[in-house]
file start08.txt (compact mmCIF, C-alpha atoms)
# COMPACT_ATOMS: atom_id res chain seq x y z
CA MET A 1 135.52 94.78 70.29
CA VAL A 2 134.93 97.57 67.80
CA LYS A 3 134.00 96.37 64.33
CA PHE A 4 133.73 97.98 60.92
CA SER A 5 130.43 99.84 60.64
CA ASN A 6 128.36 101.42 57.90
CA SER A 7 129.90 104.89 57.87
CA ILE A 8 131.95 106.70 55.24
CA SER A 9 133.52 110.02 56.24
CA TYR A 10 135.51 110.93 53.14
CA ILE A 11 135.43 110.05 49.47
CA THR A 12 138.82 110.91 47.99
CA LEU A 13 139.21 111.27 44.24
CA GLY A 14 142.67 110.80 42.76
CA VAL A 15 143.41 113.61 40.32
CA ASP A 16 146.23 114.50 37.94
CA SER A 17 145.98 118.25 38.60
CA LEU A 18 144.52 119.77 41.75
CA GLU A 19 144.16 123.14 40.00
CA ARG A 20 142.21 121.66 37.08
CA SER A 21 139.92 119.62 39.34
CA LEU A 22 139.40 122.53 41.74
CA ALA A 23 138.27 124.68 38.81
CA PHE A 24 135.86 121.98 37.64
CA TYR A 25 134.25 121.28 41.01
CA ARG A 26 134.31 124.82 42.46
CA ASP A 27 133.74 126.99 39.41
CA GLY A 28 131.97 124.52 37.13
CA LEU A 29 129.79 122.58 39.55
CA GLY A 30 129.53 125.45 42.02
CA LEU A 31 130.66 123.60 45.15
CA ALA A 32 131.97 125.65 48.08
CA THR A 33 135.55 125.04 49.22
CA LYS A 34 138.48 126.74 50.90
CA GLY A 35 140.59 125.69 47.92
CA ILE A 36 143.97 123.98 47.95
CA PHE A 37 145.76 123.81 51.28
CA GLY A 38 148.45 121.69 52.93
CA GLU A 39 150.97 122.41 50.17
CA GLU A 40 153.69 122.97 52.76
CA PHE A 41 153.70 119.25 53.54
CA ASN A 42 154.98 116.47 51.29
CA ASN A 43 151.89 114.97 49.60
CA GLY A 44 149.80 117.27 51.78
CA ALA A 45 148.10 119.40 49.12
CA VAL A 46 144.39 118.61 49.12
CA VAL A 47 140.96 120.14 48.45
CA PHE A 48 137.84 119.41 50.51
CA PHE A 49 134.15 119.94 49.81
CA ASP A 50 131.43 119.48 52.42
CA PHE A 51 128.66 117.17 51.28
CA GLN A 52 125.80 115.95 53.46
CA PRO A 53 126.55 115.97 57.23
CA GLY A 54 129.39 113.59 58.04
CA LEU A 55 130.55 113.24 54.43
CA LYS A 56 133.27 115.18 52.63
CA LEU A 57 134.61 114.87 49.11
CA ALA A 58 138.38 115.26 48.81
CA LEU A 59 140.58 115.85 45.78
CA TRP A 60 144.11 114.49 46.23
CA PRO A 61 146.77 113.93 43.58
CA ARG A 62 146.98 110.37 42.29
CA LYS A 63 150.70 110.53 42.96
CA SER A 64 150.05 111.36 46.63
CA ILE A 65 147.61 108.46 47.00
CA SER A 66 150.14 106.13 45.38
CA GLU A 67 153.01 107.25 47.62
CA GLU A 68 151.11 107.58 50.89
CA CYS A 69 149.09 104.38 50.50
CA GLY A 70 151.74 102.18 48.95
CA VAL A 71 149.92 101.33 45.72
CA PRO A 72 151.19 101.54 42.14
CA LEU A 73 150.51 104.65 40.11
CA GLY A 74 148.55 102.86 37.38
CA THR A 75 146.49 104.10 34.48
CA PRO A 76 143.19 105.83 35.41
CA ASP A 77 140.26 103.43 35.08
CA SER A 78 136.76 104.81 34.67
CA ALA A 79 135.02 101.46 35.25
CA GLY A 80 136.32 101.22 38.82
CA PHE A 81 133.72 103.32 40.58
CA MET A 82 130.91 105.83 40.17
CA LEU A 83 129.28 108.43 42.38
CA ALA A 84 125.56 109.16 42.12
CA HIS A 85 123.93 112.56 42.58
CA ASN A 86 120.19 112.06 42.94
CA VAL A 87 117.83 114.87 42.06
CA ALA A 88 114.11 115.58 42.39
CA ASN A 89 112.82 115.21 38.83
CA GLU A 90 113.68 114.76 35.15
CA ALA A 91 114.00 118.49 34.51
CA ALA A 92 116.68 118.70 37.21
CA VAL A 93 118.66 115.96 35.44
CA ASP A 94 118.51 117.92 32.18
CA ALA A 95 119.50 121.20 33.85
CA ILE A 96 122.50 119.66 35.58
CA VAL A 97 123.61 117.88 32.41
CA GLN A 98 123.71 121.28 30.72
CA GLN A 99 125.61 122.75 33.67
CA VAL A 100 128.28 120.05 33.62
CA ILE A 101 128.65 120.30 29.83
CA ASN A 102 129.28 124.03 30.30
CA ALA A 103 131.83 123.11 32.99
CA GLY A 104 133.73 120.95 30.49
CA ALA A 105 132.50 117.51 31.56
CA THR A 106 132.25 114.65 29.10
CA ILE A 107 128.80 113.07 28.87
CA VAL A 108 129.32 109.33 28.46
CA ARG A 109 125.66 108.34 28.78
CA PRO A 110 123.16 110.95 27.63
CA ALA A 111 120.04 111.41 29.75
CA LYS A 112 117.47 108.68 29.18
CA SER A 113 114.73 106.75 30.92
CA PHE A 114 115.49 103.46 32.61
CA GLY A 115 113.41 100.30 32.56
CA TRP A 116 112.93 100.62 36.33
CA GLY A 117 111.27 104.00 35.99
CA GLY A 118 114.09 106.46 36.62
CA TYR A 119 115.85 108.93 34.36
CA GLY A 120 119.51 109.79 34.34
CA ALA A 121 122.79 110.60 32.66
CA VAL A 122 126.45 109.88 33.38
CA PHE A 123 129.32 112.32 33.02
CA GLN A 124 133.08 112.21 33.60
CA ASP A 125 135.08 114.77 35.55
CA PRO A 126 138.48 115.92 34.17
CA ASP A 127 140.13 112.69 35.40
CA GLY A 128 137.48 110.40 33.96
CA HIS A 129 135.71 109.76 37.28
CA LEU A 130 132.06 108.85 36.71
CA TRP A 131 129.12 110.76 38.15
CA GLU A 132 125.54 109.66 37.58
CA VAL A 133 122.87 112.34 37.76
CA VAL A 134 119.64 110.50 38.35
CA TRP A 135 116.00 110.92 39.23
CA ASN A 136 114.65 107.89 41.06
CA PRO A 137 110.85 108.10 41.44
CA HIS A 138 111.03 105.38 44.11
CA ASP A 139 113.14 107.67 46.33
CA SER A 140 110.50 110.40 46.43
CA ALA A 141 109.60 111.45 49.94
CA MET B 1 117.35 126.60 37.38
CA VAL B 2 118.42 123.56 39.37
CA LYS B 3 122.18 123.25 39.83
CA PHE B 4 124.51 120.54 41.04
CA SER B 5 124.54 120.44 44.84
CA ASN B 6 126.61 118.84 47.56
CA SER B 7 124.85 115.51 47.84
CA ILE B 8 126.01 111.97 47.04
CA SER B 9 123.39 109.22 47.17
CA TYR B 10 125.35 106.19 46.03
CA ILE B 11 128.98 105.16 45.89
CA THR B 12 129.29 102.32 43.40
CA LEU B 13 132.38 100.11 43.44
CA GLY B 14 133.24 98.25 40.26
CA VAL B 15 134.04 94.61 41.07
CA ASP B 16 135.25 91.58 39.15
CA SER B 17 133.06 89.13 41.09
CA LEU B 18 129.87 90.09 42.91
CA GLU B 19 130.00 86.87 44.92
CA ARG B 20 133.56 87.48 46.11
CA SER B 21 132.89 91.10 47.03
CA LEU B 22 129.58 90.23 48.72
CA ALA B 23 131.41 87.71 50.89
CA PHE B 24 134.07 90.28 51.81
CA TYR B 25 131.70 93.12 52.71
CA ARG B 26 128.85 91.08 54.23
CA ASP B 27 130.68 88.22 55.93
CA GLY B 28 134.08 89.80 56.46
CA LEU B 29 133.21 93.40 57.33
CA GLY B 30 129.80 92.47 58.77
CA LEU B 31 127.67 94.87 56.72
CA ALA B 32 123.95 94.10 56.36
CA THR B 33 122.58 93.53 52.85
CA LYS B 34 119.82 91.74 50.97
CA GLY B 35 122.55 90.21 48.81
CA ILE B 36 122.65 90.02 45.03
CA PHE B 37 119.49 90.95 43.19
CA GLY B 38 118.49 92.16 39.72
CA GLU B 39 120.15 89.21 38.01
CA GLU B 40 117.13 88.79 35.73
CA PHE B 41 118.09 92.01 33.91
CA ASN B 42 121.07 92.50 31.61
CA ASN B 43 123.77 94.22 33.72
CA GLY B 44 121.20 94.40 36.51
CA ALA B 45 122.89 92.27 39.17
CA VAL B 46 123.90 94.51 42.06
CA VAL B 47 124.46 94.53 45.82
CA PHE B 48 123.51 97.44 48.11
CA PHE B 49 124.56 98.33 51.66
CA ASP B 50 122.95 101.10 53.69
CA PHE B 51 125.46 103.56 55.10
CA GLN B 52 124.59 106.78 56.93
CA PRO B 53 121.14 108.20 56.06
CA GLY B 54 120.96 109.15 52.40
CA LEU B 55 124.08 107.20 51.41
CA LYS B 56 124.32 103.68 50.04
CA LEU B 57 127.32 101.67 48.90
CA ALA B 58 126.75 99.57 45.79
CA LEU B 59 128.77 96.72 44.29
CA TRP B 60 128.33 96.44 40.54
CA PRO B 61 130.45 94.43 38.08
CA ARG B 62 133.10 96.46 36.29
CA LYS B 63 131.76 95.00 33.05
CA SER B 64 128.29 96.40 33.80
CA ILE B 65 129.69 99.86 34.54
CA SER B 66 131.67 99.76 31.33
CA GLU B 67 128.71 98.69 29.21
CA GLU B 68 126.02 100.83 30.83
CA CYS B 69 128.13 103.97 31.14
CA GLY B 70 129.98 103.74 27.85
CA VAL B 71 133.52 103.68 29.22
CA PRO B 72 136.36 101.27 28.41
CA LEU B 73 136.92 98.23 30.60
CA GLY B 74 140.45 99.18 31.63
CA THR B 75 142.81 97.79 34.22
CA PRO B 76 141.81 98.36 37.86
CA ASP B 77 143.68 101.34 39.33
CA SER B 78 144.06 101.63 43.09
CA ALA B 79 145.33 105.22 43.01
CA GLY B 80 142.07 106.51 41.57
CA PHE B 81 140.07 106.90 44.75
CA MET B 82 139.81 106.02 48.41
CA LEU B 83 137.03 105.78 50.96
CA ALA B 84 137.60 106.71 54.59
CA HIS B 85 136.00 105.06 57.59
CA ASN B 86 136.56 107.27 60.62
CA VAL B 87 136.51 105.72 64.08
CA ALA B 88 136.58 106.98 67.67
CA ASN B 89 140.11 106.16 68.84
CA GLU B 90 143.38 104.39 68.07
CA ALA B 91 142.25 101.09 69.57
CA ALA B 92 139.31 101.03 67.16
CA VAL B 93 141.71 101.42 64.23
CA ASP B 94 143.75 98.46 65.47
CA ALA B 95 140.66 96.30 66.06
CA ILE B 96 139.28 96.97 62.58
CA VAL B 97 142.65 96.35 60.95
CA GLN B 98 142.64 92.91 62.57
CA GLN B 99 139.05 92.33 61.43
CA VAL B 100 139.81 93.20 57.79
CA ILE B 101 142.96 91.07 57.81
CA ASN B 102 140.81 88.16 58.98
CA ALA B 103 138.39 89.00 56.15
CA GLY B 104 141.18 88.64 53.61
CA ALA B 105 141.97 92.31 53.00
CA THR B 106 145.44 93.45 52.01
CA ILE B 107 146.97 96.07 54.32
CA VAL B 108 148.87 98.52 52.12
CA ARG B 109 149.68 101.02 54.88
CA PRO B 110 149.99 99.59 58.37
CA ALA B 111 148.48 101.62 61.20
CA LYS B 112 150.65 104.56 62.21
CA SER B 113 150.45 108.06 63.60
CA PHE B 114 150.25 111.05 61.27
CA GLY B 115 152.05 114.35 61.62
CA TRP B 116 148.66 116.08 61.95
CA GLY B 117 147.81 114.06 65.04
CA GLY B 118 145.67 111.25 63.70
CA TYR B 119 146.26 107.52 63.45
CA GLY B 120 145.23 105.24 60.64
CA ALA B 121 145.77 102.37 58.24
CA VAL B 122 144.81 101.66 54.63
CA PHE B 123 143.54 98.37 53.27
CA GLN B 124 142.41 97.08 49.88
CA ASP B 125 139.21 95.18 49.21
CA PRO B 126 139.31 92.15 46.86
CA ASP B 127 139.36 94.46 43.80
CA GLY B 128 142.10 96.69 45.13
CA HIS B 129 139.78 99.54 46.20
CA LEU B 130 141.34 101.55 49.01
CA TRP B 131 139.76 102.08 52.44
CA GLU B 132 141.38 104.22 55.08
CA VAL B 133 140.51 103.41 58.70
CA VAL B 134 141.37 106.52 60.63
CA TRP B 135 141.07 108.22 63.97
CA ASN B 136 141.04 112.00 63.63
CA PRO B 137 141.29 113.72 67.04
CA HIS B 138 140.10 116.97 65.43
CA ASP B 139 136.76 115.34 64.54
CA SER B 140 135.93 114.47 68.14
CA ALA B 141 132.58 115.78 69.26
call {"tool": "encode", "arguments": {"input": "start08.txt", "output": "structure tokens"}}
result
Amino acid sequence: MVKFSNSISYITLGVDSLERSLAFYRDGLGLATKGIFGEEFNNGAVVFFDFQPGLKLALWPRKSISEECGVPLGTPDSAGFMLAHNVANEAAVDAIVQQVINAGATIVRPAKSFGWGGYGAVFQDPDGHLWEVVWNPHDSA
Amino acid sequence: MVKFSNSISYITLGVDSLERSLAFYRDGLGLATKGIFGEEFNNGAVVFFDFQPGLKLALWPRKSISEECGVPLGTPDSAGFMLAHNVANEAAVDAIVQQVINAGATIVRPAKSFGWGGYGAVFQDPDGHLWEVVWNPHDSA
């Protein structure tokens, strides 16, 4: 019998405006994408970005998630989840913080050192989704 | 200058009860973990699960995310994001749907075929986070 296993293929972010989020992730963060497609289908419009092998990030309207998945269209909640983007050193954290500020992100936790030895910052995308940019010295190869 | 790149190291889910979510993911879904640790630090208690190489899933209290990241502790919102667990065929979707029902998950979209050729279902974890279990024939190797 097949059971649930430790694999995640897609992370889908619910967004209020595909155009606004596409501009932030493609033009601001510099991620490659084919842009918006699937608009000919009801709730089909979506944007994909390739991340590491086997993992894609998707942008899909909150309204589409609500309708297709049968959940209420509530109020966006930033404390519900966070994605982490690990980098190689403290200078990389600082450089990316400047990049995301230029892209229009809101910095909710400025870059600082942690008690466990790392260094990081947290920003919000246009829908309030949290991204941590972090250097973890214990992850060094 | 270092720039943001297409890499996600951690997906952190905000939860109301670490114990309840640990039971769901470890005992119900069968994912391996060392359990809760870091409780000796303020907002330190966390649970990690290894997913594919380079990707971990973390469970962290919503209150900790709110306090550590400087965002309001709002109302959980299921339309904000979704994780997808892709499987090899339709029977695997059905088997995992039964497994997550037994684990106490809520099925918000029963398994069905999609117009694009796939087959899938969507369930909610104890905090309402969405997981899609899906077979995508276009992903077949």
call {"tool": "closest_residue", "arguments": {"input": "start08.txt", "among": "A:Asp50, A:Glu39, A:Asp125, A:Glu19", "to": "chain B", "atoms": "only C-alpha atoms"}}
result
A:Asp50
call {"tool": "atom_distance", "arguments": {"input": "start08.txt", "atom1": "CA of Thr12 in chain A", "atom2": "CA of Ala91 in chain A"}}
result
29.2 Å
call {"tool": "residues_around", "arguments": {"input": "start08.txt", "residues": "range 95-108 of chain B", "least_positions_apart": "2", "cutoff": "7 Å", "atoms": "only C-alpha atoms", "output": "number ranges by chain"}}
result
A: 1-4, 69-70; B: 24, 28-29, 91-93, 110, 122-126
call {"tool": "closest_atom_pairs", "arguments": {"input": "start08.txt", "of": "chain A", "to": "chain B", "cutoff": "8 Å", "atoms": "all atoms listed in the file", "output": "JSON lines"}}
result
{"residue": "A:Met1", "atom": "CA", "partner": "B:Ala95", "partner_atom": "CA", "distance": 6.8}
{"residue": "A:Val2", "atom": "CA", "partner": "B:Ala92", "partner_atom": "CA", "distance": 5.6}
{"residue": "A:Lys3", "atom": "CA", "partner": "B:Ile96", "partner_atom": "CA", "distance": 5.6}
{"residue": "A:Phe4", "atom": "CA", "partner": "B:Leu29", "partner_atom": "CA", "distance": 5.8}
{"residue": "A:Ser5", "atom": "CA", "partner": "B:Leu31", "partner_atom": "CA", "distance": 6.9}
{"residue": "A:Asn6", "atom": "CA", "partner": "B:Phe51", "partner_atom": "CA", "distance": 4.6}
{"residue": "A:Ser7", "atom": "CA", "partner": "B:Phe51", "partner_atom": "CA", "distance": 5.4}
{"residue": "A:Ile8", "atom": "CA", "partner": "B:His85", "partner_atom": "CA", "distance": 5.0}
{"residue": "A:Ser9", "atom": "CA", "partner": "B:Ala84", "partner_atom": "CA", "distance": 5.5}
{"residue": "A:Tyr10", "atom": "CA", "partner": "B:Ala84", "partner_atom": "CA", "distance": 4.9}
{"residue": "A:Ile11", "atom": "CA", "partner": "B:Leu83", "partner_atom": "CA", "distance": 4.8}
{"residue": "A:Thr12", "atom": "CA", "partner": "B:Met82", "partner_atom": "CA", "distance": 5.0}
{"residue": "A:Leu13", "atom": "CA", "partner": "B:Phe81", "partner_atom": "CA", "distance": 4.5}
{"residue": "A:Gly14", "atom": "CA", "partner": "B:Gly80", "partner_atom": "CA", "distance": 4.5}
{"residue": "A:Val15", "atom": "CA", "partner": "B:Gly80", "partner_atom": "CA", "distance": 7.3}
{"residue": "A:Leu29", "atom": "CA", "partner": "B:Phe4", "partner_atom": "CA", "distance": 5.9}
{"residue": "A:Gly30", "atom": "CA", "partner": "B:Phe4", "partner_atom": "CA", "distance": 7.1}
{"residue": "A:Leu31", "atom": "CA", "partner": "B:Asn6", "partner_atom": "CA", "distance": 6.7}
{"residue": "A:Phe49", "atom": "CA", "partner": "B:Asn6", "partner_atom": "CA", "distance": 7.9}
{"residue": "A:Asp50", "atom": "CA", "partner": "B:Asn6", "partner_atom": "CA", "distance": 6.9}
{"residue": "A:Phe51", "atom": "CA", "partner": "B:Asn6", "partner_atom": "CA", "distance": 4.6}
{"residue": "A:Gln52", "atom": "CA", "partner": "B:Ser7", "partner_atom": "CA", "distance": 5.7}
{"residue": "A:Arg62", "atom": "CA", "partner": "B:Ala79", "partner_atom": "CA", "distance": 5.5}
{"residue": "A:Lys63", "atom": "CA", "partner": "B:Ala79", "partner_atom": "CA", "distance": 7.6}
{"residue": "A:Ile65", "atom": "CA", "partner": "B:Ala79", "partner_atom": "CA", "distance": 5.6}
{"residue": "A:Ser66", "atom": "CA", "partner": "B:Ala79", "partner_atom": "CA", "distance": 5.4}
{"residue": "A:Glu68", "atom": "CA", "partner": "B:Arg109", "partner_atom": "CA", "distance": 7.8}
{"residue": "A:Cys69", "atom": "CA", "partner": "B:Arg109", "partner_atom": "CA", "distance": 5.6}
{"residue": "A:Gly70", "atom": "CA", "partner": "B:Val108", "partner_atom": "CA", "distance": 5.6}
{"residue": "A:Val71", "atom": "CA", "partner": "B:Ser78", "partner_atom": "CA", "distance": 6.4}
{"residue": "A:Pro72", "atom": "CA", "partner": "B:Ala79", "partner_atom": "CA", "distance": 7.0}
{"residue": "A:Leu73", "atom": "CA", "partner": "B:Ala79", "partner_atom": "CA", "distance": 6.0}
{"residue": "A:Gly74", "atom": "CA", "partner": "B:Asp77", "partner_atom": "CA", "distance": 5.5}
{"residue": "A:Thr75", "atom": "CA", "partner": "B:Asp77", "partner_atom": "CA", "distance": 6.2}
{"residue": "A:Pro76", "atom": "CA", "partner": "B:Asp77", "partner_atom": "CA", "distance": 6.0}
{"residue": "A:Asp77", "atom": "CA", "partner": "B:Gly74", "partner_atom": "CA", "distance": 5.5}
{"residue": "A:Ser78", "atom": "CA", "partner": "B:Val71", "partner_atom": "CA", "distance": 6.4}
{"residue": "A:Ala79", "atom": "CA", "partner": "B:Ser66", "partner_atom": "CA", "distance": 5.4}
{"residue": "A:Gly80", "atom": "CA", "partner": "B:Gly14", "partner_atom": "CA", "distance": 4.5}
{"residue": "A:Phe81", "atom": "CA", "partner": "B:Leu13", "partner_atom": "CA", "distance": 4.5}
{"residue": "A:Met82", "atom": "CA", "partner": "B:Thr12", "partner_atom": "CA", "distance": 5.0}
{"residue": "A:Leu83", "atom": "CA", "partner": "B:Ile11", "partner_atom": "CA", "distance": 4.8}
{"residue": "A:Ala84", "atom": "CA", "partner": "B:Tyr10", "partner_atom": "CA", "distance": 4.9}
{"residue": "A:His85", "atom": "CA", "partner": "B:Ile8", "partner_atom": "CA", "distance": 5.0}
{"residue": "A:Asn86", "atom": "CA", "partner": "B:Ser9", "partner_atom": "CA", "distance": 6.0}
{"residue": "A:Ala92", "atom": "CA", "partner": "B:Val2", "partner_atom": "CA", "distance": 5.6}
{"residue": "A:Ala95", "atom": "CA", "partner": "B:Val2", "partner_atom": "CA", "distance": 6.1}
{"residue": "A:Ile96", "atom": "CA", "partner": "B:Lys3", "partner_atom": "CA", "distance": 5.6}
{"residue": "A:Gln99", "atom": "CA", "partner": "B:Lys3", "partner_atom": "CA", "distance": 7.1}
{"residue": "A:Val108", "atom": "CA", "partner": "B:Gly70", "partner_atom": "CA", "distance": 5.7}
{"residue": "A:Arg109", "atom": "CA", "partner": "B:Cys69", "partner_atom": "CA", "distance": 5.5}
{"residue": "A:Val122", "atom": "CA", "partner": "B:Cys69", "partner_atom": "CA", "distance": 6.5}
call {"tool": "closest_residue", "arguments": {"input": "start08.txt", "among": "A:Lys112, A:Arg26, A:Asn89, A:Glu40", "to": "His138 in chain A", "atoms": "only C-alpha atoms"}}
result
A:Asn89
call {"tool": "atom_distance", "arguments": {"input": "start08.txt", "atom1": "CA of Phe37 in chain A", "atom2": "CA of Leu22 in chain A"}}
result
11.5 Å
call {"tool": "atom_distance", "arguments": {"input": "start08.txt", "atom1": "CA of Ser17 in chain A", "atom2": "CA of Val47 in chain A"}}
result
11.2 Å
call {"tool": "decode", "arguments": {"input": "start08.txt", "residues": "range 1-83 of chain B", "atoms": "C-alpha atoms", "output": "compact mmCIF listing (two decimals), in the first residue's frame"}}
result
# COMPACT_ATOMS: atom_id res chain seq x y z
CA MET B 1 26.74 40.92 -6.11
CA VAL B 2 24.78 37.94 -4.79
CA LYS B 3 21.14 37.88 -5.87
CA PHE B 4 18.08 35.92 -4.86
CA SER B 5 18.11 32.50 -6.53
CA ASN B 6 15.70 29.64 -7.06
CA SER B 7 16.28 27.70 -3.87
CA ILE B 8 14.02 27.01 -0.89
CA SER B 9 15.59 25.35 2.14
CA TYR B 10 12.72 25.28 4.61
CA ILE B 11 8.96 25.42 4.44
CA THR B 12 7.67 26.42 7.86
CA LEU B 13 4.03 25.81 8.76
CA GLY B 14 2.53 27.93 11.51
CA VAL B 15 0.60 25.72 13.95
CA ASP B 16 -1.57 26.25 16.99
CA SER B 17 -0.26 23.16 18.81
CA LEU B 18 3.12 21.56 18.14
CA GLU B 19 1.99 18.37 19.88
CA ARG B 20 -1.14 18.04 17.76
CA SER B 21 0.70 18.72 14.50
CA LEU B 22 3.58 16.41 15.45
CA ALA B 23 1.08 13.62 16.02
CA PHE B 24 -0.56 14.27 12.65
CA TYR B 25 2.62 14.41 10.57
CA ARG B 26 4.69 11.80 12.45
CA ASP B 27 2.07 9.26 13.51
CA GLY B 28 -0.62 9.92 10.92
CA LEU B 29 1.41 10.62 7.77
CA GLY B 30 4.36 8.50 8.92
CA LEU B 31 7.10 11.09 8.49
CA ALA B 32 10.36 10.60 10.42
CA THR B 33 11.38 13.30 12.91
CA LYS B 34 13.36 13.83 16.11
CA GLY B 35 10.22 15.43 17.55
CA ILE B 36 9.97 18.72 19.41
CA PHE B 37 13.21 20.36 20.43
CA GLY B 38 14.46 23.84 21.30
CA GLU B 39 11.89 24.28 24.05
CA GLU B 40 14.55 25.74 26.36
CA PHE B 41 14.65 28.89 24.20
CA ASN B 42 11.93 31.53 23.94
CA ASN B 43 10.00 30.76 20.73
CA GLY B 44 12.55 28.03 20.07
CA ALA B 45 10.33 24.95 20.13
CA VAL B 46 10.18 23.49 16.63
CA VAL B 47 9.75 20.23 14.73
CA PHE B 48 11.66 19.34 11.53
CA PHE B 49 11.04 16.72 8.85
CA ASP B 50 13.52 15.93 6.09
CA PHE B 51 11.99 16.07 2.63
CA GLN B 52 13.91 15.75 -0.64
CA PRO B 53 17.61 16.70 -0.39
CA GLY B 54 18.00 20.35 0.54
CA LEU B 55 14.39 20.78 1.68
CA LYS B 56 12.98 20.48 5.18
CA LEU B 57 9.46 20.99 6.48
CA ALA B 58 9.24 22.76 9.83
CA LEU B 59 6.36 23.10 12.29
CA TRP B 60 6.58 26.26 14.38
CA PRO B 61 3.87 27.83 16.54
CA ARG B 62 1.97 30.66 14.87
CA LYS B 63 2.69 32.73 17.97
CA SER B 64 6.43 32.22 17.50
CA ILE B 65 6.27 33.27 13.84
CA SER B 66 4.28 36.34 14.80
CA GLU B 67 6.68 37.37 17.56
CA GLU B 68 9.95 36.52 15.84
CA CYS B 69 9.00 37.90 12.43
CA GLY B 70 7.09 40.97 13.57
CA VAL B 71 3.76 40.17 11.93
CA PRO B 72 0.27 40.20 13.46
CA LEU B 73 -1.19 36.98 14.83
CA GLY B 74 -4.20 36.93 12.50
CA THR B 75 -6.82 34.32 11.77
CA PRO B 76 -5.60 31.21 9.93
CA ASP B 77 -6.35 31.46 6.21
CA SER B 78 -6.52 28.29 4.13
CA ALA B 79 -6.55 30.10 0.77
CA GLY B 80 -3.08 31.53 1.34
CA PHE B 81 -0.98 28.62 0.16
CA MET B 82 -0.94 24.94 -0.70
CA LEU B 83 1.68 22.21 -0.82
